[in-house]
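Student: Quick one, protein_21.pdb (PDB, C-alpha atoms and all ligand atoms):
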```pdb
ATOM      1  CA  MET A   1       8.113 -12.770 -20.029
ATOM      2  CA  LYS A   2       4.786 -11.493 -21.275
ATOM      3  CA  ILE A   3       3.155  -9.488 -18.480
ATOM      4  CA  GLY A   4      -0.392  -8.110 -18.219
ATOM      5  CA  PHE A   5      -0.596  -5.108 -15.866
ATOM      6  CA  ILE A   6      -4.028  -3.892 -14.725
ATOM      7  CA  GLY A   7      -4.341  -0.659 -12.713
ATOM      8  CA  LEU A   8      -1.804   1.916 -13.859
ATOM      9  CA  GLY A   9      -2.321   4.609 -11.214
ATOM     10  CA  ASN A  10       0.213   6.341  -8.966
ATOM     11  CA  MET A  11       1.804   3.023  -8.011
ATOM     12  CA  GLY A  12       1.011   0.750 -10.962
ATOM     13  CA  ALA A  13       2.341   3.065 -13.682
ATOM     14  CA  PRO A  14       5.928   3.312 -12.398
ATOM     15  CA  MET A  15       5.956  -0.408 -11.491
ATOM     16  CA  ALA A  16       4.876  -1.361 -15.031
ATOM     17  CA  ALA A  17       7.394   1.082 -16.526
ATOM     18  CA  ASN A  18      10.214  -0.584 -14.556
ATOM     19  CA  LEU A  19       9.197  -4.031 -15.863
ATOM     20  CA  ALA A  20       9.182  -2.726 -19.449
ATOM     21  CA  LYS A  21      12.556  -1.017 -18.917
ATOM     22  CA  ALA A  22      13.970  -4.372 -17.773
ATOM     23  CA  GLY A  23      13.025  -5.874 -21.159
ATOM     24  CA  HIS A  24       9.707  -7.594 -20.444
ATOM     25  CA  GLU A  25       6.781  -7.298 -22.832
ATOM     26  CA  VAL A  26       4.151  -5.415 -20.815
ATOM     27  CA  VAL A  27       0.529  -5.013 -21.917
ATOM     28  CA  GLY A  28      -1.429  -2.661 -19.662
ATOM     29  CA  PHE A  29      -5.016  -1.699 -18.946
ATOM     30  CA  ASP A  30      -6.574   1.013 -16.801
ATOM     31  CA  MET A  31     -10.139   2.362 -16.625
ATOM     32  CA  ALA A  32      -8.655   5.842 -17.005
ATOM     33  CA  ASP A  33      -6.940   6.981 -20.167
ATOM     34  CA  VAL A  34      -3.269   6.611 -19.224
ATOM     35  CA  ALA A  35       0.006   6.187 -21.092
ATOM     36  CA  VAL A  36       3.059   4.502 -19.573
ATOM     37  CA  GLU A  37       6.476   4.493 -21.193
ATOM     38  CA  GLY A  38       7.294   1.131 -22.769
ATOM     39  CA  VAL A  39       3.835  -0.342 -22.052
ATOM     40  CA  SER A  40       1.368  -1.106 -24.860
ATOM     41  CA  MET A  41      -2.257  -0.528 -23.891
ATOM     42  CA  ALA A  42      -5.063  -3.081 -24.306
ATOM     43  CA  ALA A  43      -8.770  -2.315 -24.752
ATOM     44  CA  SER A  44      -9.854  -4.268 -21.645
ATOM     45  CA  GLY A  45      -8.514  -6.101 -18.615
ATOM     46  CA  ALA A  46      -9.276  -9.409 -20.327
ATOM     47  CA  ASP A  47      -7.251  -8.379 -23.393
ATOM     48  CA  ALA A  48      -4.288  -7.440 -21.202
ATOM     49  CA  ALA A  49      -4.501 -10.777 -19.353
ATOM     50  CA  LYS A  50      -4.923 -13.087 -22.380
ATOM     51  CA  GLY A  51      -1.741 -15.006 -23.192
ATOM     52  CA  ALA A  52       0.296 -13.440 -20.359
ATOM     53  CA  ASP A  53       2.748 -15.499 -18.286
ATOM     54  CA  VAL A  54       2.055 -13.234 -15.313
ATOM     55  CA  VAL A  55      -0.797 -10.805 -14.663
ATOM     56  CA  ILE A  56      -0.219  -8.087 -12.064
ATOM     57  CA  THR A  57      -3.070  -6.015 -10.593
ATOM     58  CA  MET A  58      -2.611  -2.735  -8.678
ATOM     59  CA  LEU A  59      -6.155  -1.606  -7.834
ATOM     60  CA  PRO A  60      -7.875   0.588  -5.224
ATOM     61  CA  ASN A  61      -9.730  -2.031  -3.131
ATOM     62  CA  GLY A  62     -11.013  -5.581  -2.685
ATOM     63  CA  GLN A  63     -14.339  -5.026  -4.408
ATOM     64  CA  ILE A  64     -12.648  -3.812  -7.599
ATOM     65  CA  LEU A  65     -10.109  -6.629  -7.367
ATOM     66  CA  ARG A  66     -12.943  -9.201  -7.216
ATOM     67  CA  ALA A  67     -14.625  -7.660 -10.287
ATOM     68  CA  VAL A  68     -11.363  -7.655 -12.261
ATOM     69  CA  ALA A  69     -10.606 -11.237 -11.131
ATOM     70  CA  ASN A  70     -14.015 -12.411 -12.421
ATOM     71  CA  GLU A  71     -13.191 -10.857 -15.790
ATOM     72  CA  ILE A  72      -9.619 -12.089 -16.243
ATOM     73  CA  ILE A  73      -9.403 -15.512 -14.543
ATOM     74  CA  PRO A  74     -11.490 -17.278 -17.249
ATOM     75  CA  VAL A  75      -9.256 -15.995 -20.073
ATOM     76  CA  MET A  76      -5.848 -16.488 -18.451
ATOM     77  CA  THR A  77      -3.502 -19.260 -19.625
ATOM     78  CA  LYS A  78      -3.312 -22.283 -17.263
ATOM     79  CA  GLY A  79      -0.091 -22.168 -15.222
ATOM     80  CA  ALA A  80       0.160 -18.368 -15.437
ATOM     81  CA  ALA A  81       0.656 -16.376 -12.218
ATOM     82  CA  PHE A  82      -1.959 -13.921 -10.931
ATOM     83  CA  VAL A  83      -0.098 -11.442  -8.721
ATOM     84  CA  ASP A  84      -2.228  -8.908  -6.872
ATOM     85  CA  CYS A  85      -0.152  -6.037  -5.445
ATOM     86  CA  SER A  86      -3.119  -3.911  -4.236
ATOM     87  CA  THR A  87      -3.796  -3.459  -0.522
ATOM     88  CA  VAL A  88      -7.105  -5.257   0.079
ATOM     89  CA  ASP A  89      -8.912  -7.135   2.855
ATOM     90  CA  VAL A  90      -7.627 -10.598   3.718
ATOM     91  CA  ASP A  91     -10.956 -12.255   2.820
ATOM     92  CA  SER A  92     -10.955 -10.835  -0.741
ATOM     93  CA  ALA A  93      -7.319 -11.889  -1.167
ATOM     94  CA  ARG A  94      -8.093 -15.469  -0.045
ATOM     95  CA  GLU A  95     -11.238 -15.799  -2.153
ATOM     96  CA  VAL A  96      -9.591 -14.464  -5.319
ATOM     97  CA  ALA A  97      -6.636 -16.809  -4.726
ATOM     98  CA  GLN A  98      -8.991 -19.780  -4.347
ATOM     99  CA  GLN A  99     -10.815 -18.865  -7.548
ATOM    100  CA  ALA A 100      -7.507 -18.501  -9.418
ATOM    101  CA  ALA A 101      -6.129 -21.800  -8.102
ATOM    102  CA  ALA A 102      -9.340 -23.603  -9.097
ATOM    103  CA  ALA A 103      -8.801 -22.308 -12.647
ATOM    104  CA  GLY A 104      -5.257 -23.752 -12.736
ATOM    105  CA  LEU A 105      -3.482 -20.446 -12.075
ATOM    106  CA  LEU A 106      -0.727 -19.594  -9.583
ATOM    107  CA  PRO A 107      -2.070 -16.953  -7.164
ATOM    108  CA  VAL A 108       0.075 -14.516  -5.151
ATOM    109  CA  ASP A 109      -1.159 -11.695  -2.925
ATOM    110  CA  ALA A 110       1.773  -9.288  -2.780
ATOM    111  CA  PRO A 111       0.996  -5.866  -1.323
ATOM    112  CA  VAL A 112       3.838  -3.405  -1.143
ATOM    113  CA  SER A 113       5.452  -0.872   1.126
ATOM    114  CA  GLY A 114       7.553   2.056  -0.065
ATOM    115  CA  GLY A 115       5.039   4.437  -1.632
ATOM    116  CA  VAL A 116       5.226   6.197  -4.991
ATOM    117  CA  GLY A 117       8.921   7.001  -4.450
ATOM    118  CA  GLY A 118       9.728   3.325  -3.961
ATOM    119  CA  ALA A 119       7.599   2.335  -6.962
ATOM    120  CA  SER A 120       9.500   4.757  -9.215
ATOM    121  CA  ALA A 121      12.926   3.867  -7.865
ATOM    122  CA  GLY A 122      12.221   0.112  -7.948
ATOM    123  CA  THR A 123      12.861  -0.186  -4.205
ATOM    124  CA  LEU A 124       9.505  -1.494  -2.933
ATOM    125  CA  THR A 125       9.182  -4.195  -0.286
ATOM    126  CA  PHE A 126       6.805  -7.011  -1.317
ATOM    127  CA  MET A 127       5.046  -9.114   1.335
ATOM    128  CA  ALA A 128       3.663 -12.167  -0.372
ATOM    129  CA  GLY A 129       1.213 -14.993   0.283
ATOM    130  CA  GLY A 130       0.509 -18.064  -1.839
ATOM    131  CA  PRO A 131       1.974 -21.415  -2.913
ATOM    132  CA  ALA A 132       5.796 -21.641  -3.167
ATOM    133  CA  GLU A 133       5.586 -22.306  -6.920
ATOM    134  CA  ALA A 134       3.567 -19.115  -7.418
ATOM    135  CA  PHE A 135       6.005 -17.035  -5.351
ATOM    136  CA  ALA A 136       8.955 -18.478  -7.323
ATOM    137  CA  LYS A 137       7.354 -17.424 -10.614
ATOM    138  CA  ALA A 138       6.752 -13.856  -9.394
ATOM    139  CA  GLU A 139      10.060 -13.417  -7.559
ATOM    140  CA  PRO A 140      12.178 -12.253 -10.552
ATOM    141  CA  LEU A 141       9.595  -9.518 -11.176
ATOM    142  CA  PHE A 142       9.630  -8.478  -7.496
ATOM    143  CA  ALA A 143      13.425  -8.140  -7.846
ATOM    144  CA  ILE A 144      12.922  -5.600 -10.663
ATOM    145  CA  MET A 145      10.187  -3.573  -8.947
ATOM    146  CA  GLY A 146      11.591  -3.810  -5.428
ATOM    147  CA  GLN A 147      14.542  -4.397  -3.160
ATOM    148  CA  LYS A 148      13.001  -7.060  -0.919
ATOM    149  CA  ALA A 149      10.319  -9.727  -1.180
ATOM    150  CA  VAL A 150       9.280 -11.829   1.817
ATOM    151  CA  HIS A 151       7.215 -14.990   1.294
ATOM    152  CA  CYS A 152       4.993 -14.711   4.381
ATOM    153  CA  GLY A 153       2.954 -17.913   3.992
ATOM    154  CA  ASP A 154      -0.231 -19.149   2.333
ATOM    155  CA  SER A 155      -2.711 -17.017   0.367
ATOM    156  CA  GLY A 156      -3.722 -13.937   2.367
ATOM    157  CA  ALA A 157      -0.503 -13.889   4.419
ATOM    158  CA  GLY A 158       0.881 -10.963   2.397
ATOM    159  CA  GLN A 159      -2.228  -8.879   3.106
ATOM    160  CA  ALA A 160      -2.111  -9.916   6.759
ATOM    161  CA  ALA A 161       1.493  -8.670   7.037
ATOM    162  CA  LYS A 162       0.645  -5.409   5.272
ATOM    163  CA  ILE A 163      -2.352  -4.713   7.526
ATOM    164  CA  CYS A 164      -0.362  -5.446  10.706
ATOM    165  CA  ASN A 165       2.526  -3.255   9.539
ATOM    166  CA  ASN A 166       0.229  -0.367   8.715
ATOM    167  CA  MET A 167      -1.656  -0.683  11.991
ATOM    168  CA  ILE A 168       1.695  -0.152  13.743
ATOM    169  CA  LEU A 169       2.384   2.775  11.398
ATOM    170  CA  GLY A 170      -0.930   4.530  12.199
ATOM    171  CA  VAL A 171      -0.591   4.020  15.943
ATOM    172  CA  THR A 172       3.055   5.153  15.941
ATOM    173  CA  MET A 173       2.339   8.277  13.915
ATOM    174  CA  ILE A 174      -0.349   9.318  16.389
ATOM    175  CA  ALA A 175       1.966   8.620  19.364
ATOM    176  CA  THR A 176       4.780  10.629  17.753
ATOM    177  CA  CYS A 177       2.483  13.581  17.015
ATOM    178  CA  GLU A 178       0.885  13.689  20.437
ATOM    179  CA  ALA A 179       4.319  13.523  22.068
ATOM    180  CA  PHE A 180       5.505  16.503  19.970
ATOM    181  CA  ALA A 181       2.387  18.477  20.940
ATOM    182  CA  LEU A 182       2.954  17.662  24.617
ATOM    183  CA  ALA A 183       6.643  18.610  24.319
ATOM    184  CA  ASP A 184       5.596  21.975  22.802
ATOM    185  CA  LYS A 185       3.341  22.656  25.768
ATOM    186  CA  LEU A 186       6.129  21.718  28.159
ATOM    187  CA  GLY A 187       8.354  24.303  26.446
ATOM    188  CA  LEU A 188      10.715  21.771  24.874
ATOM    189  CA  ASP A 189      12.488  22.776  21.656
ATOM    190  CA  ARG A 190      11.401  20.507  18.769
ATOM    191  CA  GLN A 191      14.914  19.924  17.489
ATOM    192  CA  LYS A 192      16.013  18.843  20.994
ATOM    193  CA  MET A 193      12.954  16.566  21.196
ATOM    194  CA  PHE A 194      13.974  14.964  17.867
ATOM    195  CA  ASP A 195      17.640  14.664  18.905
ATOM    196  CA  VAL A 196      16.666  12.819  22.081
ATOM    197  CA  VAL A 197      13.828  10.584  20.864
ATOM    198  CA  SER A 198      15.440   9.597  17.546
ATOM    199  CA  THR A 199      18.367   8.124  19.522
ATOM    200  CA  SER A 200      16.369   6.843  22.520
ATOM    201  CA  SER A 201      13.829   4.113  23.171
ATOM    202  CA  GLY A 202      10.973   6.163  21.686
ATOM    203  CA  TYR A 203      12.544   6.062  18.211
ATOM    204  CA  SER A 204      10.487   4.815  15.271
ATOM    205  CA  TRP A 205      10.187   5.147  11.507
ATOM    206  CA  THR A 206       7.642   7.946  11.989
ATOM    207  CA  MET A 207      10.109   9.933  14.121
ATOM    208  CA  ASN A 208      13.405   9.061  12.454
ATOM    209  CA  ALA A 209      12.482   8.809   8.753
ATOM    210  CA  TYR A 210       9.175  10.696   8.401
ATOM    211  CA  CYS A 211       9.295  13.265  11.198
ATOM    212  CA  PRO A 212       5.891  15.061  11.430
ATOM    213  CA  ALA A 213       7.477  18.332  12.658
ATOM    214  CA  PRO A 214       8.468  20.755   9.856
ATOM    215  CA  GLY A 215      12.161  21.669   9.676
ATOM    216  CA  VAL A 216      13.178  18.813  11.958
ATOM    217  CA  GLY A 217      14.757  15.512  10.861
ATOM    218  CA  PRO A 218      14.952  14.394   7.229
ATOM    219  CA  GLN A 219      12.775  15.964   4.497
ATOM    220  CA  SER A 220       9.193  14.752   4.837
ATOM    221  CA  PRO A 221       5.664  15.896   3.856
ATOM    222  CA  ALA A 222       5.709  18.141   6.969
ATOM    223  CA  ASP A 223       8.243  20.266   5.060
ATOM    224  CA  ASN A 224       5.799  20.555   2.157
ATOM    225  CA  ASP A 225       2.701  21.855   3.961
ATOM    226  CA  TYR A 226       1.661  18.277   4.720
ATOM    227  CA  LYS A 227       0.839  17.489   1.084
ATOM    228  CA  PRO A 228       0.852  13.658   0.703
ATOM    229  CA  GLY A 229       3.066  11.541   0.725
ATOM    230  CA  PHE A 230       0.756   9.029   2.219
ATOM    231  CA  ALA A 231      -2.709  10.553   2.478
ATOM    232  CA  ALA A 232      -4.645  10.411   5.751
ATOM    233  CA  GLU A 233      -7.565   8.741   3.947
ATOM    234  CA  LEU A 234      -5.288   5.892   2.771
ATOM    235  CA  MET A 235      -4.069   5.468   6.351
ATOM    236  CA  LEU A 236      -7.719   5.291   7.390
ATOM    237  CA  LYS A 237      -8.442   2.686   4.688
ATOM    238  CA  ASP A 238      -5.617   0.463   5.979
ATOM    239  CA  LEU A 239      -6.610   0.939   9.635
ATOM    240  CA  ARG A 240     -10.170  -0.048   8.773
ATOM    241  CA  LEU A 241      -8.849  -3.173   7.049
ATOM    242  CA  SER A 242      -6.917  -3.984  10.231
ATOM    243  CA  GLN A 243     -10.081  -3.674  12.332
ATOM    244  CA  GLN A 244     -12.113  -5.723   9.855
ATOM    245  CA  ALA A 245      -9.432  -8.434  10.071
ATOM    246  CA  ALA A 246      -9.276  -8.162  13.881
ATOM    247  CA  ALA A 247     -13.049  -8.619  14.103
ATOM    248  CA  SER A 248     -13.083 -11.642  11.818
ATOM    249  CA  ALA A 249     -10.094 -13.230  13.640
ATOM    250  CA  ASP A 250     -11.380 -12.271  17.133
ATOM    251  CA  ALA A 251      -8.173 -10.347  17.983
ATOM    252  CA  ASP A 252      -8.046  -7.649  20.670
ATOM    253  CA  THR A 253      -6.460  -4.517  19.094
ATOM    254  CA  PRO A 254      -7.355  -1.547  21.324
ATOM    255  CA  MET A 255      -4.607   0.730  19.976
ATOM    256  CA  GLY A 256      -5.531  -0.073  16.390
ATOM    257  CA  GLN A 257      -9.165   0.627  17.240
ATOM    258  CA  ALA A 258      -8.305   3.988  18.812
ATOM    259  CA  ALA A 259      -6.109   4.953  15.835
ATOM    260  CA  THR A 260      -8.908   4.039  13.415
ATOM    261  CA  ALA A 261     -11.406   6.213  15.329
ATOM    262  CA  LEU A 262      -8.993   9.159  15.413
ATOM    263  CA  TYR A 263      -8.110   9.018  11.692
ATOM    264  CA  GLU A 264     -11.818   8.614  10.937
ATOM    265  CA  ARG A 265     -12.585  11.853  12.817
ATOM    266  CA  PHE A 266      -9.606  13.589  11.238
ATOM    267  CA  VAL A 267     -10.573  12.623   7.669
ATOM    268  CA  GLU A 268     -14.354  12.889   7.911
ATOM    269  CA  GLN A 269     -14.917  15.799  10.306
ATOM    270  CA  GLU A 270     -11.703  17.783  10.644
ATOM    271  CA  ASN A 271     -10.518  18.568   7.090
ATOM    272  CA  GLY A 272      -7.807  15.914   7.177
ATOM    273  CA  LYS A 273      -8.838  14.591   3.748
ATOM    274  CA  GLY A 274      -6.155  15.377   1.175
ATOM    275  CA  MET A 275      -3.541  15.971   3.874
ATOM    276  CA  ASP A 276      -0.614  13.725   4.629
ATOM    277  CA  PHE A 277      -1.217  11.321   7.542
ATOM    278  CA  SER A 278       1.491  13.159   9.537
ATOM    279  CA  ALA A 279      -0.797  16.252   9.644
ATOM    280  CA  MET A 280      -1.993  14.766  12.940
ATOM    281  CA  LEU A 281       0.647  17.045  14.502
ATOM    282  CA  PRO A 282      -0.979  20.388  13.556
ATOM    283  CA  ARG A 283      -4.289  18.803  14.632
ATOM    284  CA  PHE A 284      -2.928  18.123  18.127
ATOM    285  CA  GLU A 285      -1.208  21.546  18.280
ATOM    286  CA  LYS A 286      -4.571  23.277  18.012
ATOM    287  CA  ARG A 287      -6.233  21.286  20.766
ATOM    288  CA  GLY A 288      -6.284  21.184  24.509
ATOM    289  CA  ARG A 289      -7.282  18.301  26.720
ATOM    290  CA  GLY A 290     -11.026  18.959  26.701
TER     291      GLY A 290
HETATM  292  P1  LIG B   1      -4.536   4.991  -7.764
HETATM  293  O1  LIG B   1      -5.935   5.367  -7.451
HETATM  294  O2  LIG B   1      -3.559   6.020  -8.179
HETATM  295  O3  LIG B   1      -4.526   3.806  -8.889
HETATM  296  C1  LIG B   1      -5.528   2.850  -9.048
HETATM  297  C2  LIG B   1      -5.793   2.721 -10.536
HETATM  298  O4  LIG B   1      -6.705   1.652 -10.758
HETATM  299  C3  LIG B   1      -6.409   3.971 -11.152
HETATM  300  O5  LIG B   1      -5.591   4.421 -12.218
HETATM  301  C4  LIG B   1      -7.786   3.499 -11.634
HETATM  302  O6  LIG B   1      -8.221   4.142 -12.815
HETATM  303  C5  LIG B   1      -7.530   2.020 -11.850
HETATM  304  N1  LIG B   1      -8.738   1.210 -11.842
HETATM  305  C6  LIG B   1      -9.812   1.279 -11.022
HETATM  306  N2  LIG B   1     -10.715   0.337 -11.332
HETATM  307  C7  LIG B   1     -10.202  -0.351 -12.392
HETATM  308  C8  LIG B   1     -10.666  -1.439 -13.168
HETATM  309  N3  LIG B   1     -11.843  -2.034 -12.925
HETATM  310  N4  LIG B   1      -9.880  -1.876 -14.201
HETATM  311  C9  LIG B   1      -8.696  -1.276 -14.448
HETATM  312  N5  LIG B   1      -8.210  -0.233 -13.747
HETATM  313  C10 LIG B   1      -8.952   0.214 -12.723
HETATM  314  O7  LIG B   1      -4.004   4.219  -6.453
HETATM  315  P2  LIG B   1      -2.492   3.871  -6.074
HETATM  316  O8  LIG B   1      -1.951   4.930  -5.167
HETATM  317  O9  LIG B   1      -1.756   3.481  -7.294
HETATM  318  O10 LIG B   1      -2.737   2.586  -5.129
HETATM  319  C11 LIG B   1      -3.056   1.320  -5.683
HETATM  320  C12 LIG B   1      -3.040   0.302  -4.548
HETATM  321  O11 LIG B   1      -1.764   0.306  -3.902
HETATM  322  C13 LIG B   1      -4.067   0.593  -3.439
HETATM  323  O12 LIG B   1      -4.604  -0.637  -3.027
HETATM  324  C14 LIG B   1      -3.238   1.243  -2.346
HETATM  325  O13 LIG B   1      -3.788   1.050  -1.060
HETATM  326  C15 LIG B   1      -1.917   0.525  -2.510
HETATM  327  N6  LIG B   1      -0.738   1.267  -2.019
HETATM  328  C16 LIG B   1      -0.576   2.601  -2.296
HETATM  329  C17 LIG B   1       0.546   3.268  -1.833
HETATM  330  C18 LIG B   1       0.741   4.734  -2.118
HETATM  331  O14 LIG B   1       1.616   5.349  -1.487
HETATM  332  N7  LIG B   1       0.001   5.342  -3.044
HETATM  333  C19 LIG B   1       1.525   2.586  -1.094
HETATM  334  C20 LIG B   1       1.358   1.213  -0.847
HETATM  335  C21 LIG B   1       0.218   0.556  -1.317
END
```
Starting from the file, give its structure as C-alpha cells.
Tutor:
Amino acid sequence: MKIGFIGLGNMGAPMAANLAKAGHEVVGFDMADVAVEGVSMAASGADAAKGADVVITMLPNGQILRAVANEIIPVMTKGAAFVDCSTVDVDSAREVAQQAAAAGLLPVDAPVSGGVGGASAGTLTFMAGGPAEAFAKAEPLFAIMGQKAVHCGDSGAGQAAKICNNMILGVTMIATCEAFALADKLGLDRQKMFDVVSTSSGYSWTMNAYCPAPGVGPQSPADNDYKPGFAAELMLKDLRLSQQAAASADADTPMGQAATALYERFVEQENGKGMDFSAMLPRFEKRGRG
C-alpha cells in the first residue's frame, strides 16, 4: 500500500518506520526537520497525502488535526482511508470524520495506548471509531503497528474510549500515590505495601505495572528520577479532554474532575511539568493534610 504519514514525532516516527519495515511505501511529512528510516519525506502534508491509499496522522491536538485535515482532504484520492491516531477531543474527531466522508474518504479515529515503547515495538493498542469499511481498510496496518485493535463504534468512539481509559488512569495513579504516602506515614514498608496491594483488591495497572515507588515492583519512571515515560502535562491534556467531553455529554465525573484539578495544580504551580505523571508520589510525600 502507499501510505502518507503526517506527524513524525515521538510516536509517529517509530510507527511509520514499522510500516516501512513491513514493506509498505511510506511518504512522510512533519513541520520539524526529521528523518525516519525507510520513509521518504514530502515537502508538505498535501504532497504526502496525494495518491496515498491510506493517510495516517499523529499530531499534538485537535486544532492542528483540523488544520491538517483542511489541507489534505481536498487532495486525497476518493476511497482512500484517513486514519487519525492522535489523541484529540471527540468533537474534532467527529467533525473531521464528517468532512472526510463528505469528500468520499473512509475516516477512522484510532488513538493508541502503549506509549513510545509500544510504538517502537509495534505493540500498541488501537481503539477505533468509524464505518466498518474504513476500519477494515486500516486493520492490516494496525496489525503491523500494534498487537490489538478494537472497533469501538461510529466516528468519535475511538477517542471516547481513549478519554475514558485515561480518566481511569489519572484517577488510579493519584489513588495509588496517596495510598503509598499514607502507608509511609503509618510506618508501613513500601515493599510490603506493594506485595499486599498488587495481589489484593486494590491492584491496578498503576500499582502492578507502573509502580510510582522507586525500587518497588517492575522498572518504571520512578526508578529513573521520574523522567517521563508519560509526562504529567500529557496526563493533564487527556484529563481535560475527559472533562470537556463530560461537560458536552452532561456526564457526572467527580473523580475525573478532582484528578484534573490536581494535575493542573501539579503541572502549573508545583513544578510537575516535565516530570512523569507518577511523580504525584513525591508530591504527596512532602505534604501534610493542611
Ligand atoms: P510529538 O510532539 O512528539 O509529535 C507530534 C509531531 O507533530 C511533532 O513532530 C510536530 O512537529 C508534528 N506537527 C505539529 N504540527 C504539524 C503539522 N501542522 N503538520 C505536520 N506535522 C506537525 O507528540 P507524540 O508524543 O508523538 O504524540 C502524538 C499524539 O499521540 C498526541 O496526540 C498524544 O497525545 C498521543 N499519544 C502520545 C503518547 C506518548 O506516550 N507520547 C501515547 C499515546 C498517545
Student: Dump the neighbourhood of ligand LIG 1 (chain B) as a count of residues only: all residues within 6 Å, distances computed on only C-alpha atoms and all ligand atoms.
Tutor: 24
Student: Got a sec: who's within 10 Å of Ile174 of chain A, counting only C-alpha atoms, leaving out chain neighbours fewer than 5 positions off, as a ChimeraX atom specification?
Tutor: /A:169,179-180,206,212,258-259,262-263,277-281,284
Student: Applying the PyMOL selection byres (((chain A and resi 140) around 12) and not hetatm) to the file I just gave you, which residues come out? Please list them as a list in words.
Tutor: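 The output of the PyMOL selection byres (((chain A and resi 140) around 12) and not hetatm) on this file is Met1, Leu19, Ala22, His24, Val54, Phe126, Ala134, Phe135, Ala136, Lys137, Ala138, Glu139, Leu141, Phe142, Ala143, Ile144, Met145, Gly146, Gln147, Lys148 and Ala149 of chain A.
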Student: Which value, in Å to one decimal, gives the distance between atom CA of Ala52 of chain A and atom CA of Asp89 of chain A?
Tutor: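 Atom-to-atom, atom CA of Ala52 of chain A to atom CA of Asp89 of chain A, that is 25.8 Å.
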Student: Go ahead and compute the interatomic distance for atom CA of Cys164 of chain A and atom CA of Ala209 of chain A, in Å to one decimal.
Tutor: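 These two atoms are separated by 19.3 Å.
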Student: Just the residues within 9 Å of Ala46 of chain A, please, counting only C-alpha atoms, with nothing from its chain fewer than 2 positions along; format it as an MDAnalysis selection string.
Tutor: chainID A and resid 29 42:44 48:50 68 71:76
